[in-house]
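Trainee: Here you go, structure36.cif (mmCIF, C-alpha atoms):
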```cif
data_run
#
loop_
_atom_site.group_PDB
_atom_site.id
_atom_site.type_symbol
_atom_site.label_atom_id
_atom_site.label_comp_id
_atom_site.auth_asym_id
_atom_site.auth_seq_id
_atom_site.Cartn_x
_atom_site.Cartn_y
_atom_site.Cartn_z
ATOM 1 C CA MET A 859 87.519 23.064 184.253
ATOM 2 C CA ASN A 860 83.942 24.202 183.969
ATOM 3 C CA PHE A 861 84.951 27.675 185.190
ATOM 4 C CA LEU A 862 87.608 28.016 182.482
ATOM 5 C CA CYS A 863 85.199 26.917 179.757
ATOM 6 C CA LYS A 864 82.651 29.469 180.906
ATOM 7 C CA ALA A 865 85.335 32.164 181.215
ATOM 8 C CA GLN A 866 86.459 31.436 177.660
ATOM 9 C CA ALA A 867 82.856 31.636 176.440
ATOM 10 C CA TYR A 868 82.484 34.944 178.287
ATOM 11 C CA LEU A 869 85.566 36.438 176.612
ATOM 12 C CA ASN A 870 84.364 35.276 173.199
ATOM 13 C CA SER A 871 80.932 36.785 173.877
ATOM 14 C CA VAL A 872 82.332 40.116 175.038
ATOM 15 C CA THR A 873 84.560 40.291 171.982
ATOM 16 C CA SER A 874 81.548 39.624 169.793
ATOM 17 C CA ALA A 875 79.522 42.283 171.630
ATOM 18 C CA VAL A 876 82.281 44.874 171.179
ATOM 19 C CA ASN A 877 82.450 44.012 167.485
ATOM 20 C CA SER A 878 78.670 44.433 167.220
ATOM 21 C CA LEU A 879 78.827 47.829 168.925
ATOM 22 C CA ALA A 880 81.524 48.913 166.461
ATOM 23 C CA GLY A 881 79.354 47.710 163.611
ATOM 24 C CA MET A 882 76.487 49.797 164.946
ATOM 25 C CA VAL A 883 78.694 52.903 165.058
ATOM 26 C CA MET A 884 79.793 52.395 161.469
ATOM 27 C CA SER A 885 76.345 51.464 160.146
ATOM 28 C CA ASP A 886 74.497 53.527 157.568
ATOM 29 C CA GLU A 887 71.553 53.845 159.943
ATOM 30 C CA LEU A 888 73.633 55.902 162.388
ATOM 31 C CA LYS A 889 75.442 57.881 159.703
ATOM 32 C CA ASP A 890 73.606 61.089 160.620
ATOM 33 C CA ASN A 891 73.212 60.412 164.343
ATOM 34 C CA ILE A 892 76.538 61.569 165.743
ATOM 35 C CA GLU A 893 75.347 61.623 169.357
ATOM 36 C CA THR A 894 74.324 57.952 169.247
ATOM 37 C CA GLN A 895 77.612 57.037 167.588
ATOM 38 C CA TYR A 896 79.473 58.834 170.362
ATOM 39 C CA GLU A 897 77.484 57.128 173.137
ATOM 40 C CA THR A 898 77.936 53.733 171.514
ATOM 41 C CA VAL A 899 81.708 54.224 171.288
ATOM 42 C CA ARG A 900 81.773 55.243 174.956
ATOM 43 C CA THR A 901 79.888 52.070 175.869
ATOM 44 C CA LEU A 902 82.298 50.012 173.772
ATOM 45 C CA ILE A 903 85.324 51.543 175.522
ATOM 46 C CA GLU A 904 83.797 50.966 178.955
ATOM 47 C CA LEU A 905 83.097 47.334 178.057
ATOM 48 C CA GLU A 906 86.667 46.797 176.877
ATOM 49 C CA GLN A 907 88.059 48.369 180.040
ATOM 50 C CA ALA A 908 85.743 46.378 182.317
ATOM 51 C CA THR A 909 86.784 43.200 180.514
ATOM 52 C CA SER A 910 90.446 44.051 180.997
ATOM 53 C CA GLU A 911 89.849 44.533 184.722
ATOM 54 C CA PHE A 912 87.929 41.254 184.890
ATOM 55 C CA ILE A 913 90.781 39.416 183.158
ATOM 56 C CA THR A 914 93.227 40.780 185.714
ATOM 57 C CA ASP A 915 90.992 40.221 188.739
ATOM 58 C CA MET A 916 90.191 36.626 187.756
ATOM 59 C CA GLU A 917 93.763 35.958 186.567
ATOM 60 C CA LEU A 918 92.478 34.783 183.211
ATOM 61 C CA ASP A 919 95.689 35.972 181.602
ATOM 62 C CA VAL A 920 97.405 33.162 183.548
ATOM 63 C CA GLU A 921 94.678 30.532 183.110
ATOM 64 C CA LEU A 922 93.703 31.268 179.492
ATOM 65 C CA PRO A 923 96.603 33.210 177.960
ATOM 66 C CA ASN A 924 95.817 32.304 174.326
ATOM 67 C CA THR A 925 92.143 33.245 174.652
ATOM 68 C CA VAL A 926 93.070 36.527 176.350
ATOM 69 C CA ILE A 927 95.607 37.380 173.637
ATOM 70 C CA ILE A 928 93.104 36.630 170.874
ATOM 71 C CA SER A 929 90.440 38.777 172.562
ATOM 72 C CA LYS A 930 92.835 41.664 173.039
ATOM 73 C CA GLN A 931 94.053 41.438 169.439
ATOM 74 C CA LYS A 932 90.452 41.520 168.247
ATOM 75 C CA PHE A 933 89.828 44.597 170.432
ATOM 76 C CA ILE A 934 92.866 46.252 168.831
ATOM 77 C CA ASN A 935 91.564 45.537 165.312
ATOM 78 C CA ILE A 936 88.083 46.780 166.206
ATOM 79 C CA ASN A 937 89.520 49.951 167.729
ATOM 80 C CA GLU A 938 91.654 50.605 164.669
ATOM 81 C CA ARG A 939 88.582 50.373 162.435
ATOM 82 C CA LEU A 940 86.724 52.747 164.742
ATOM 83 C CA ILE A 941 89.593 55.230 164.790
ATOM 84 C CA LYS A 942 89.575 55.394 160.977
ATOM 85 C CA HIS A 943 85.799 55.823 160.975
ATOM 86 C CA LEU A 944 85.877 58.579 163.591
ATOM 87 C CA GLU A 945 88.713 60.387 161.826
ATOM 88 C CA LYS A 946 86.530 60.529 158.698
ATOM 89 C CA ILE A 947 83.669 61.955 160.739
ATOM 90 C CA GLN A 948 86.016 64.583 162.149
ATOM 91 C CA LEU A 949 86.707 65.780 158.626
ATOM 92 C CA GLN A 950 83.031 66.777 158.526
ATOM 93 C CA GLY A 951 83.579 69.104 161.496
ATOM 94 C CA TYR A 952 82.569 66.854 164.393
ATOM 95 C CA ARG A 953 84.817 66.788 167.440
ATOM 96 C CA PHE A 954 85.959 63.264 168.251
ATOM 97 C CA GLU A 955 89.538 64.009 169.367
ATOM 98 C CA HIS A 956 88.904 62.802 172.923
ATOM 99 C CA VAL A 957 87.385 59.483 171.827
ATOM 100 C CA ILE A 958 90.053 58.908 169.173
ATOM 101 C CA THR A 959 92.794 59.593 171.707
ATOM 102 C CA THR A 960 91.139 57.237 174.187
ATOM 103 C CA LEU A 961 90.946 54.472 171.570
ATOM 104 C CA LYS A 962 94.589 54.987 170.609
ATOM 105 C CA LEU A 963 95.650 54.821 174.258
ATOM 106 C CA GLU A 964 93.511 51.721 174.765
ATOM 107 C CA ASN A 965 95.239 50.091 171.796
ATOM 108 C CA ALA A 966 98.672 50.979 173.145
ATOM 109 C CA THR A 967 97.732 49.436 176.489
ATOM 110 C CA LEU A 968 96.315 46.309 174.857
ATOM 111 C CA LYS A 969 99.454 45.874 172.731
ATOM 112 C CA GLU A 970 101.664 46.180 175.818
ATOM 113 C CA GLU A 971 99.523 43.670 177.694
ATOM 114 C CA CYS A 972 99.777 41.216 174.791
ATOM 115 C CA ASN A 973 103.566 41.546 174.823
ATOM 116 C CA PHE A 974 103.648 40.420 178.461
ATOM 117 C CA LEU A 975 101.502 37.327 177.931
#
```
Can you give me the file's structure in the form of structure tokens?
Mentor:
Amino acid sequence: MNFLCKAQAYLNSVTSAVNSLAGMVMSDELKDNIETQYETVRTLIELEQATSEFITDMELDVELPNTVIISKQKFININERLIKHLEKIQLQGYRFEHVITTLKLENATLKEECNFL
């Protein structure tokens, strides 16, 4: 039981960290620092993907299905906010197509995974 409690705390913490990274990207302080926004989004995506692999490897989707679904739904919401933000930045001439596409694909994958849980 201790393992499952710690695994649940881990998923909650990772979700919070991803949300914080998204907040950093959308903050006024980084408004003019496109490179840092890009690197932060890349880190966020890598963290989401590593978490997904961890969930699969540790079979948390079987042990903690509700927690996993909630985490994945939060990732989807965070990604949707980021996509809107990055699309606005693109209107200013910056090239974020690759990152936007990656986030959209990540959301599609997360939605499919939630449907199977």
Trainee: Using all atoms listed in the file, which of the listed residues (A:Glu893, A:Glu955, A:Glu911, A:Glu906) sits closest to Lys932 in chain A?
Mentor: A:Glu906
Trainee: Name the closest residue to Glu904 in chain A among the candidates A:Met882, A:Ile892, A:Leu961, A:Ala865; distances are taken between atoms, counting all atoms listed in the file.
Mentor: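 For Glu904 in chain A, the nearest of the given residues is A:Leu961.
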Trainee: From the options A:Arg900, A:Val883, A:Gln907, A:Glu921, which residue's atoms come nearest to Lys942 in chain A, counting all atoms listed in the file?
Mentor: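 Among A:Arg900, A:Val883, A:Gln907, A:Glu921, it is A:Val883 that comes nearest to Lys942 in chain A.
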Trainee: Find, counting all atoms listed in the file, the residue in A:Ala908, A:Leu869, A:Cys863, A:Ala966 that gets nearest to Asn937 in chain A.
Mentor: A:Ala966
Trainee: Which residues, written as a PyMOL selection string, have at least one atom at most 12 Å from Cys972 in chain A, with all atoms listed in the file counted and residues fewer than 4 positions away on the same chain left out?
Mentor: chain A and resi 910+919+923-934+965-968
Trainee: Quote the spacing between CA of Lys946 in chain A and CA of Thr873 in chain A in Å to one decimal place.
Mentor: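 Distance between the two atoms: 24.3 Å.
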Trainee: Could you tell me, as a list of chain:residue names, exactly which residues end up selected when the PyMOL selection byres ((chain A and resi 956) around 12) is applied to this structure?
Mentor: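 Those residues are A:Tyr896, A:Val899, A:Arg900, A:Ile941, A:Leu944, A:Glu945, A:Gln948, A:Tyr952, A:Arg953, A:Phe954, A:Glu955, A:Val957, A:Ile958, A:Thr959, A:Thr960, A:Leu961, A:Lys962, A:Leu963.
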Trainee: For CA of Gln895 in chain A and CA of Ala880 in chain A, quote the distance in Å rounded to one decimal.
Mentor: 9.1 Å
Trainee: In Å to one decimal, how far is CA of Leu879 in chain A from CA of Thr898 in chain A?
Mentor: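 Between these atoms lies a distance of 6.5 Å.
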Trainee: Out of A:Thr901, A:Ser885, A:Asn973, A:Thr909, which residue has the shortest atom-to-atom distance to Tyr868 in chain A when counting all atoms listed in the file?
Mentor: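 Residue with the minimum atom-to-atom distance to Tyr868 in chain A: A:Thr909.
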Trainee: Generate the coordinates of N, CA and C atoms for range 939-952 of chain A; report them as a PDB file, in the frame of the given file.
Mentor:
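And here is the file that came out, selection.pdb:
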```pdb
ATOM      1  N   ARG A 939      89.664  50.074 163.385  1.00  0.00           N
ATOM      2  CA  ARG A 939      88.582  50.373 162.435  1.00  0.00           C
ATOM      3  C   ARG A 939      87.775  51.581 162.903  1.00  0.00           C
ATOM      4  N   LEU A 940      87.486  51.621 164.197  1.00  0.00           N
ATOM      5  CA  LEU A 940      86.724  52.747 164.742  1.00  0.00           C
ATOM      6  C   LEU A 940      87.491  54.055 164.625  1.00  0.00           C
ATOM      7  N   ILE A 941      88.777  54.018 164.887  1.00  0.00           N
ATOM      8  CA  ILE A 941      89.593  55.230 164.790  1.00  0.00           C
ATOM      9  C   ILE A 941      89.514  55.788 163.371  1.00  0.00           C
ATOM     10  N   LYS A 942      89.667  54.941 162.376  1.00  0.00           N
ATOM     11  CA  LYS A 942      89.575  55.394 160.977  1.00  0.00           C
ATOM     12  C   LYS A 942      88.203  55.993 160.692  1.00  0.00           C
ATOM     13  N   HIS A 943      87.158  55.328 161.175  1.00  0.00           N
ATOM     14  CA  HIS A 943      85.799  55.823 160.975  1.00  0.00           C
ATOM     15  C   HIS A 943      85.611  57.187 161.630  1.00  0.00           C
ATOM     16  N   LEU A 944      86.064  57.322 162.856  1.00  0.00           N
ATOM     17  CA  LEU A 944      85.877  58.579 163.591  1.00  0.00           C
ATOM     18  C   LEU A 944      86.727  59.702 163.001  1.00  0.00           C
ATOM     19  N   GLU A 945      87.890  59.362 162.480  1.00  0.00           N
ATOM     20  CA  GLU A 945      88.713  60.387 161.826  1.00  0.00           C
ATOM     21  C   GLU A 945      88.016  60.925 160.578  1.00  0.00           C
ATOM     22  N   LYS A 946      87.300  60.070 159.859  1.00  0.00           N
ATOM     23  CA  LYS A 946      86.530  60.529 158.698  1.00  0.00           C
ATOM     24  C   LYS A 946      85.403  61.464 159.130  1.00  0.00           C
ATOM     25  N   ILE A 947      84.752  61.109 160.221  1.00  0.00           N
ATOM     26  CA  ILE A 947      83.669  61.955 160.739  1.00  0.00           C
ATOM     27  C   ILE A 947      84.216  63.314 161.162  1.00  0.00           C
ATOM     28  N   GLN A 948      85.400  63.325 161.731  1.00  0.00           N
ATOM     29  CA  GLN A 948      86.016  64.583 162.149  1.00  0.00           C
ATOM     30  C   GLN A 948      86.236  65.520 160.978  1.00  0.00           C
ATOM     31  N   LEU A 949      86.505  64.954 159.815  1.00  0.00           N
ATOM     32  CA  LEU A 949      86.707  65.780 158.626  1.00  0.00           C
ATOM     33  C   LEU A 949      85.451  66.565 158.263  1.00  0.00           C
ATOM     34  N   GLN A 950      84.302  66.093 158.773  1.00  0.00           N
ATOM     35  CA  GLN A 950      83.031  66.777 158.526  1.00  0.00           C
ATOM     36  C   GLN A 950      82.752  67.839 159.601  1.00  0.00           C
ATOM     37  N   GLY A 951      83.707  68.047 160.504  1.00  0.00           N
ATOM     38  CA  GLY A 951      83.579  69.104 161.496  1.00  0.00           C
ATOM     39  C   GLY A 951      83.153  68.642 162.881  1.00  0.00           C
ATOM     40  N   TYR A 952      82.951  67.352 163.069  1.00  0.00           N
ATOM     41  CA  TYR A 952      82.569  66.854 164.393  1.00  0.00           C
ATOM     42  C   TYR A 952      83.818  66.649 165.239  1.00  0.00           C
TER      43      TYR A 952
END
```
